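Asker: Shown below is the structure under consideration.
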Amino acid sequence: MTGAVDGQHGAFAPAAHPMKIDGKPWRTIWLEPDGGSIGVIDQTQLPHQFTTRTLRSCDEAAEAIRTMVVRGAPLIGVTGAYGLMLALQVDPSDAALAAAFEQLNATRPTAVNLRWALERVRDRVAPLPPAERAEAAKAEAAAIAEEDVAMCEAIGEHGLAIVQQLAAARPAERQGQPFHVLTHCNAGWLATVDWGTALAPIYKAHRAGLNIHVWVDETRPRNQGASLTAYELGREGVPHTVIVDNAGGHLMQHGQVDAVIVGTDRTTRRGDVCNKIGTYLKALAAHDNNVPFYVALPASTIDWTIDDGVAEIPIEARSAREVTHIQGRTAAGELAVVQLTPEGSEGFNPAFDVTPARLVTALITERGVAPASEDGLRNLYA
Ligand code: MRU
C-alpha cells in the first residue's frame, strides 16, 4: 500500500528522532500501529514525491529491497530482519524460516548487513518453539533498528571530532571559509534508520555551528547523491552542491575539498571498503591530492570472514537499463523515465567497487576512529 505523508507514522516517540521532513520527525522504517506490518519511505520516488509503503509479507519486504524502495546497507539489514518477522507470522516452521532467510538474503548480494541481520534474527528465533518465533523476531528486528540509530549517532560524534580538527588545522586565510566535504552515493539517514553513516558527522558539525558545505556526487546510474543525499541535506538546511561524478578530482586539484567521507556496504577485516561504484576513483583522486579520505561504518558492515575486498566481495550486477535510461520529473510534475543511449548500444552496470585499505585515511566507527587495517579494526573490536 502506498500513502502520502500526512502526519503520524510508526510506533515511536517523535522527540527521540533527530531527522525531520518539513518539521516532522521520520525514520526510514517503523512498525505500523497494527504491530504486524512494517512502514517504509518509498525511496524510488524521492526527491520528487514523498510517499510511504506498508510491507505486509516477506514477499513484499524482499521486493522492497530488490527494487530499492529501501536501500543503503544498514536499512537493507533492518528490512530483512523485519522480513523474517513477516514470514514467521504466517508460518513459523523451520522450513519457512529457512526459505524466508534464503529469499531475503538473495535480494542484494553486496551489503553484508543483510546477511548479518538475517543471521542474527534466525539464530535468536530458531531455538524457540514455533509459536514464539514471530514475536521474538519482531523484538530482535526492533533491537537491530535501535542499535543502528545509536551506532550512527556515535559515528557522528567521532566524525565531528575529525571535522573540527581538520577545520581548525586549515591555514589562517581559509579559516573563514566553509569546510568542504565531498561524499558519494547516499550514506545519510535514508540509508540507515536515522542519522546516517557518512552524513552523521556532517549533521553533527552543522548543528554544532560549523560552517560546512557538502559536494554531492550525483552517483550515476541510480543517482542516490542527486536524489537522496541532496534531498536530506536540504531538509536539514545543510549547504550543499550537486556535482557530476567526474568533477571531484578537479575540485580536489583546486583545493576545494577538505575531506571526503563515504559509507561502505562491506568492509573486510583488513580494512578494504566496498561502496557504490565510483568510490574507488574518488579515493584515487583524494590520494593524489593529499585530501583525507574517510569511511564511516557501523560494526554491522564489517565482514570478518573476508581479507581481500577486490577478490572476495561479490559485486552486484544491476540492470543495464539503469545505465541506458534515467528517471526524472517532467515540467508537468510527472515522474518519467527517458532513454539516454542510442538503440542497440548495450550497457553494463556493476553497482559497487572496492577501495583498498591503503587509500583510506581512517575508518570512523561507532567505537571510535581506526586505521584501515586488521590491527586497527581488532583494536576496536577485540
Ligand atoms: O545501492 P545502494 O543505494 O543500496 O548503495 C548504498 C551505498 O552504497 C551507501 O553508500 C552504503 O550503503 C553506505 S551505508 C550508509
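Here, A, B, ... name the chains of the C-alpha cells in the order displayed, residue numbers run from 1 inside each chain, and ligands are numbered from 1 in the same displayed order.
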Run DSSP on the backbone and grab whatever in segment 32-221 of chain A lands in strand (DSSP E); send it over as a list of chain:residue names.

Answerer: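 Answer for segment 32-221 of chain A restricted to strand (DSSP E) is A:Ile38, A:Gly39, A:Val40, A:Ile41, A:Thr51, A:Thr52, A:Arg53, A:Thr54, A:Leu55, A:Phe179, A:His180, A:Val181, A:Leu182, A:Thr183, A:Ile212, A:His213, A:Val214, A:Trp215, A:Val216, A:Asp217.
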
Asker: Let me see if you get this right: every residue at most 9 Å from ligand 1, counting only C-alpha atoms and all ligand atoms, written as an MDAnalysis selection string.

Answerer: chainID A and resid 65 68 70:76 108 110:111 183:192 196:199 222:224 262:266 274:277 279 296:298 301 316 351:352

Asker: Please provide as a ChimeraX atom specification all residues within 9 Å of Thr355 of chain A, with the sequence filter that same-chain residues fewer than 5 positions apart are discarded (counting only C-alpha atoms).

Answerer: /A:272-275,279-281,283-284,309-310,360

Asker: Counting only C-alpha atoms, which of A:Gly271, A:Pro171, A:Gly176, A:Gly39 gets nearest to Thr51 of chain A?

Answerer: A:Gly39

Asker: Out of A:Ala167, A:Val193, A:Ala95, A:Ala131, which residue has the shortest atom-to-atom distance to Val40 of chain A when counting only C-alpha atoms?

Answerer: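 Closest to Val40 of chain A of all the choices is A:Val193.
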
Asker: Which value, in Å to one decimal, gives the distance between atom CA of Ile29 of chain A and atom CA of Glu218 of chain A?

Answerer: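 Separation of atom CA of Ile29 of chain A and atom CA of Glu218 of chain A: 24.4 Å.
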
Asker: Out of A:Gly80, A:Gly234, A:Gly333, A:Gly35, which residue has the shortest atom-to-atom distance to Ala100 of chain A when counting only C-alpha atoms?

Answerer: A:Gly80

Asker: Out of A:Arg133, A:Arg321, A:His240, A:Arg329, which residue has the shortest atom-to-atom distance to Leu86 of chain A when counting only C-alpha atoms?

Answerer: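 The closest residue to Leu86 of chain A is A:Arg133.
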
Asker: Got a sec: who's within 8 Å of segment 207-214 of chain A, counting only C-alpha atoms, leaving out chain neighbours fewer than 5 positions off, as a list in words?

Answerer: Gln164, Gln177, Pro178, Phe179, His180, Val181, Leu182, Thr183, Ile202, Val238, Pro239, His240 and Thr241 of chain A

Asker: Just the residues within 10 Å of Ile162 of chain A, please, counting only C-alpha atoms, with nothing from its chain fewer than 3 positions along; format it as a PDB file with C-alpha atoms, in the first residue's frame.

Answerer:
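The new file result23.pdb reads:
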```pdb
ATOM      1  CA  GLY A 156      28.516  11.207  14.026  1.00  0.00           C
ATOM      2  CA  GLU A 157      30.229  12.189  17.273  1.00  0.00           C
ATOM      3  CA  HIS A 158      33.547  10.596  16.313  1.00  0.00           C
ATOM      4  CA  GLY A 159      33.362  12.086  12.829  1.00  0.00           C
ATOM      5  CA  GLN A 165      40.289  19.096  13.954  1.00  0.00           C
ATOM      6  CA  LEU A 166      40.669  19.352  10.188  1.00  0.00           C
ATOM      7  CA  ALA A 167      38.788  22.652  10.076  1.00  0.00           C
ATOM      8  CA  ALA A 168      40.926  24.137  12.830  1.00  0.00           C
ATOM      9  CA  PRO A 201      29.347  13.787  11.169  1.00  0.00           C
ATOM     10  CA  ALA A 205      29.002  19.578  12.549  1.00  0.00           C
ATOM     11  CA  ALA A 259      37.824  15.866   3.236  1.00  0.00           C
ATOM     12  CA  TYR A 294      37.369   8.712   5.499  1.00  0.00           C
ATOM     13  CA  ILE A 364      35.067   6.145  11.517  1.00  0.00           C
ATOM     14  CA  VAL A 369      38.381   6.080  14.658  1.00  0.00           C
TER      15      VAL A 369
END
```

Asker: Measuring atom to atom with only C-alpha atoms, identify which of A:Val337, A:Val354, A:Met151, A:Ala142 is nearest to Ile313 of chain A.

Answerer: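 Of A:Val337, A:Val354, A:Met151, A:Ala142, the one nearest Ile313 of chain A, counting only C-alpha atoms, is A:Val354.
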
Asker: Mind checking which residues fall within 12 Å of His254 of chain A, counting only C-alpha atoms, ignoring those fewer than 2 positions away in the same chain, and posting them as a list of chain:residue names?

Answerer: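 Listing them by chain and then by number gives A:Ala247, A:Gly248, A:Gly249, A:His250, A:Leu251, A:Met252, A:Gln256, A:Val257, A:Asp258, A:Ala285, A:Ala286, A:Asn289, A:Asn290, A:Val291.
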
Asker: Write the residues of the selection above to a file with all heavy atoms, as a CSV table (one decimal), in the first residue's frame.

Answerer:
```
chain,number,residue,atom,x,y,z
A,247,ALA,N,33.5,15.4,-11.4
A,247,ALA,CA,34.0,16.7,-11.0
A,247,ALA,C,35.0,16.6,-9.8
A,247,ALA,O,35.7,17.6,-9.6
A,247,ALA,CB,32.9,17.7,-10.8
A,248,GLY,N,34.9,15.6,-9.0
A,248,GLY,CA,35.6,15.6,-7.8
A,248,GLY,C,37.1,15.8,-7.9
A,248,GLY,O,37.7,16.5,-7.1
A,249,GLY,N,37.7,15.1,-8.8
A,249,GLY,CA,39.2,15.2,-9.0
A,249,GLY,C,39.6,16.6,-9.3
A,249,GLY,O,40.5,17.2,-8.7
A,250,HIS,N,38.8,17.3,-10.1
A,250,HIS,CA,39.1,18.7,-10.5
A,250,HIS,C,39.0,19.6,-9.2
A,250,HIS,O,39.9,20.4,-9.0
A,250,HIS,CB,38.1,19.1,-11.6
A,250,HIS,CG,38.1,20.6,-11.8
A,250,HIS,ND1,39.1,21.3,-12.5
A,250,HIS,CD2,37.2,21.5,-11.4
A,250,HIS,CE1,38.8,22.5,-12.5
A,250,HIS,NE2,37.6,22.7,-11.9
A,251,LEU,N,38.0,19.4,-8.5
A,251,LEU,CA,37.8,20.2,-7.2
A,251,LEU,C,38.9,19.9,-6.3
A,251,LEU,O,39.4,20.9,-5.6
A,251,LEU,CB,36.4,19.8,-6.6
A,251,LEU,CG,35.2,20.3,-7.4
A,251,LEU,CD1,33.9,19.7,-6.7
A,251,LEU,CD2,35.1,21.8,-7.5
A,252,MET,N,39.3,18.7,-6.2
A,252,MET,CA,40.5,18.4,-5.2
A,252,MET,C,41.7,19.1,-5.7
A,252,MET,O,42.5,19.6,-4.9
A,252,MET,CB,40.7,16.9,-5.1
A,252,MET,CG,39.5,16.2,-4.4
A,252,MET,SD,39.9,14.4,-4.3
A,252,MET,CE,38.2,13.7,-4.3
A,256,GLN,N,39.4,22.6,-3.3
A,256,GLN,CA,38.0,22.8,-3.0
A,256,GLN,C,37.4,21.7,-2.2
A,256,GLN,O,36.2,21.7,-1.9
A,256,GLN,CB,37.2,23.0,-4.3
A,256,GLN,CG,37.5,24.3,-5.0
A,256,GLN,CD,37.0,25.5,-4.3
A,256,GLN,OE1,35.9,25.7,-4.0
A,256,GLN,NE2,38.0,26.4,-4.0
A,257,VAL,N,38.2,20.7,-1.8
A,257,VAL,CA,37.7,19.6,-1.0
A,257,VAL,C,38.6,19.5,0.3
A,257,VAL,O,39.8,19.2,0.1
A,257,VAL,CB,37.7,18.3,-1.8
A,257,VAL,CG1,37.1,17.2,-0.9
A,257,VAL,CG2,36.8,18.5,-3.0
A,258,ASP,N,38.1,19.6,1.4
A,258,ASP,CA,38.9,19.5,2.7
A,258,ASP,C,38.9,18.0,3.1
A,258,ASP,O,39.8,17.6,3.8
A,258,ASP,CB,38.3,20.4,3.8
A,258,ASP,CG,38.5,21.9,3.4
A,258,ASP,OD1,39.6,22.3,3.2
A,258,ASP,OD2,37.4,22.6,3.3
A,285,ALA,N,41.8,9.9,-6.5
A,285,ALA,CA,41.9,11.3,-6.7
A,285,ALA,C,42.3,12.0,-5.3
A,285,ALA,O,43.2,12.9,-5.3
A,285,ALA,CB,40.7,12.0,-7.2
A,286,ALA,N,41.7,11.5,-4.2
A,286,ALA,CA,42.0,12.1,-2.9
A,286,ALA,C,43.4,11.8,-2.6
A,286,ALA,O,44.2,12.7,-2.1
A,286,ALA,CB,41.0,11.5,-1.9
A,289,ASN,N,45.9,14.0,-4.3
A,289,ASN,CA,45.8,15.4,-4.0
A,289,ASN,C,45.9,15.6,-2.5
A,289,ASN,O,45.7,16.7,-2.0
A,289,ASN,CB,44.5,16.0,-4.5
A,289,ASN,CG,44.5,16.1,-6.0
A,289,ASN,OD1,45.1,17.0,-6.5
A,289,ASN,ND2,43.8,15.2,-6.6
A,290,ASN,N,46.3,14.6,-1.7
A,290,ASN,CA,46.6,14.7,-0.3
A,290,ASN,C,45.3,15.2,0.4
A,290,ASN,O,45.4,15.9,1.4
A,290,ASN,CB,47.7,15.7,-0.1
A,290,ASN,CG,48.5,15.3,1.2
A,290,ASN,OD1,48.4,14.2,1.6
A,290,ASN,ND2,49.2,16.3,1.7
A,291,VAL,N,44.2,14.7,0.0
A,291,VAL,CA,42.9,15.0,0.6
A,291,VAL,C,42.5,13.8,1.5
A,291,VAL,O,42.5,12.7,1.0
A,291,VAL,CB,41.8,15.3,-0.4
A,291,VAL,CG1,40.4,15.4,0.3
A,291,VAL,CG2,42.1,16.5,-1.2
```
